[in-house]
Amino acid sequence: MTMNPSEPLFSGPPCLAEIEAARPPAGTVAAWWLGQHSFILKYPGGMRIGLDLFLSDTPKRLLPPLARPDQLSGLDIIVGTHDHGDHIDRPAWPILARNNPRAQFVVPRTIRDLLAADLGLPLERVHGVDVGMPFARDAITITALPAAHERLEASAHEPGHSCLGVVVEMAGTAIYHAGDTCLYEGIWAALRRWPRLAAMLLPINGRDAARYGANIIGNMTWQEAVDLAGELRPGLAVPAHWGMFSANTEDPAKFADYARLKYPDLRVHVPTPGGRWIIG
């Protein structure tokens, strides 16, 4: 891929200006949390990936969008782990596609054709992944893992998993974005394919009868997320999927405190919206 380093890649709110200016050192990745399970990763050389970008200004948001989709440009890959509005933001994606002409979209294979048709996206820009079906572009590889939200479920449309987590790899740095998932038999073995994950981005909002009765499908609890990271010992454990909806949130301090006491050598970063940190 050819990039013009003088091209204005981001404009608008302060965090986007910071993303534009960031030059992460070799062997590291700069990361920003945009709330919920939304992250932007920027690599040395300028490659930028958006994970589960949630940019629509919906009435129930506790945290307003840090950027409008028409302010975000320069992305190379946009990943949506499953077809819920706070992970694949359907109103935002056609705008992102126009503003990011280089961007390729990565989604579960089970929804690829349907999603492209619904959103009017060229099929050649939308790539389906599943277990054993990774996506590769330039030096980036995106490997799909099953996600149990709250169960491991196949799609009604195509064979495969309707909810995924992904491991993003470049230059020896592997980052796990769990998507929405609970623990399930096999998740430890699947993640041990990577001897040392640089970071694990984990949902912590949990699940209970009240939420399930309200059709709010749940995730790992903060304790389960810490124990998963504590078992696998990534370079950094990051709690996410909190602080966006009043009926479906959790206190990340519980994650940090439990990790500090039970796994004192586990590095934890509790992100702030729009704040940058370095992985690696």
# chains A, B, ... in the order shown; residues from 1 in each chain; ligands from 1

$ residues_around --residues "Gly50 in chain A" --least-positions-apart "3" --cutoff "6 Å" --atoms "only C-alpha atoms" --output "JSON, numbers by chain"
{"A": [39, 40, 78]}

$ write_last_selection --atoms "C-alpha atoms" --output "compact mmCIF listing (two decimals), in the first residue's frame"
# COMPACT_ATOMS: atom_id res chain seq x y z
CA PHE A 39 -11.08 0.90 19.29
CA ILE A 40 -8.73 2.43 16.76
CA ILE A 78 -12.80 -1.69 9.59

$ residues_around --residues "range 196-210 of chain A" --least-positions-apart "4" --cutoff "9 Å" --atoms "only C-alpha atoms" --output "JSON, numbers by chain"
{"A": [36, 37, 150, 167, 173, 174, 175, 176, 177, 178, 179, 180, 181, 182, 191, 192, 214, 215, 216, 217, 218, 219, 220, 221, 222, 223, 224, 225, 226, 229, 232, 233, 234, 235, 236, 237, 238, 239, 240, 241, 242, 248, 249, 250, 251, 252, 255, 279, 280]}

$ atom_distance --atom1 "CA of Leu75 in chain A" --atom2 "CA of Gln104 in chain A"
8.7 Å

$ select_by_dssp --residues "range 73-113 of chain A" --states "helix (DSSP H, G or I)" --output "PDB file with C-alpha atoms, in the first residue's frame"
ATOM      1  CA  TRP A  93     -20.785   2.216   7.631  1.00  0.00           C
ATOM      2  CA  PRO A  94     -21.854   3.664   4.242  1.00  0.00           C
ATOM      3  CA  ILE A  95     -20.454   7.040   5.369  1.00  0.00           C
ATOM      4  CA  LEU A  96     -17.234   5.389   6.528  1.00  0.00           C
ATOM      5  CA  ALA A  97     -17.001   3.604   3.183  1.00  0.00           C
ATOM      6  CA  ARG A  98     -17.221   6.927   1.300  1.00  0.00           C
ATOM      7  CA  ASN A  99     -14.769   8.708   3.588  1.00  0.00           C
ATOM      8  CA  ARG A 109     -18.696 -14.724   6.826  1.00  0.00           C
ATOM      9  CA  THR A 110     -22.267 -15.632   7.731  1.00  0.00           C
ATOM     10  CA  ILE A 111     -23.476 -12.054   7.149  1.00  0.00           C
ATOM     11  CA  ARG A 112     -21.076 -10.816   4.479  1.00  0.00           C
ATOM     12  CA  ASP A 113     -23.356 -10.955   1.433  1.00  0.00           C
TER      13      ASP A 113
END

$ closest_residue --among "A:Gly120, A:Pro264, A:Gly172, A:Pro59" --to "Ala26 in chain A" --atoms "only C-alpha atoms"
A:Gly172

$ residues_around --residues "Val106 in chain A" --least-positions-apart "4" --cutoff "7 Å" --atoms "only C-alpha atoms" --output "list in words"
Ile78, Val79, Gly80, Val126, His127, Gly128 and Val129 of chain A

$ write_last_selection --atoms "C-alpha atoms" --output "CSV table (one decimal), in the first residue's frame"
chain,number,residue,atom,x,y,z
A,78,ILE,CA,-12.8,-1.7,9.6
A,79,VAL,CA,-13.8,-4.8,11.6
A,80,GLY,CA,-17.3,-5.6,12.8
A,126,VAL,CA,-16.5,-6.7,2.3
A,127,HIS,CA,-14.6,-9.7,3.5
A,128,GLY,CA,-16.1,-12.6,5.5
A,129,VAL,CA,-14.0,-14.4,8.1

$ atom_distance --atom1 "CA of Leu115 in chain A" --atom2 "CA of Arg90 in chain A"
8.7 Å

$ residues_around --residues "Ser38 in chain A" --least-positions-apart "4" --cutoff "9 Å" --atoms "only C-alpha atoms" --output "ChimeraX atom specification"
/A:32-34,50-55,86-87,240-241

$ write_last_selection --atoms "C-alpha atoms" --output "PDB file, in the first residue's frame"
ATOM      1  CA  TRP A  32      -7.562   4.670  21.384  1.00  0.00           C
ATOM      2  CA  TRP A  33     -10.844   3.636  22.990  1.00  0.00           C
ATOM      3  CA  LEU A  34     -13.951   5.386  21.634  1.00  0.00           C
ATOM      4  CA  GLY A  50     -11.115   0.417  13.413  1.00  0.00           C
ATOM      5  CA  LEU A  51     -12.643  -2.268  15.633  1.00  0.00           C
ATOM      6  CA  ASP A  52     -16.399  -2.320  16.319  1.00  0.00           C
ATOM      7  CA  LEU A  53     -16.721   1.422  15.703  1.00  0.00           C
ATOM      8  CA  PHE A  54     -19.918   2.774  17.285  1.00  0.00           C
ATOM      9  CA  LEU A  55     -20.378   6.334  16.021  1.00  0.00           C
ATOM     10  CA  ASP A  86     -22.965  -0.975  18.764  1.00  0.00           C
ATOM     11  CA  HIS A  87     -20.544  -3.260  16.878  1.00  0.00           C
ATOM     12  CA  ALA A 240     -14.243  -2.566  27.658  1.00  0.00           C
ATOM     13  CA  HIS A 241     -17.981  -2.618  26.897  1.00  0.00           C
TER      14      HIS A 241
END

$ atom_distance --atom1 "CA of Pro44 in chain A" --atom2 "CA of Arg267 in chain A"
22.7 Å

$ select_by_dssp --residues "range 208-280 of chain A" --states "strand (DSSP E)" --output "ChimeraX atom specification"
/A:237-240,276-279
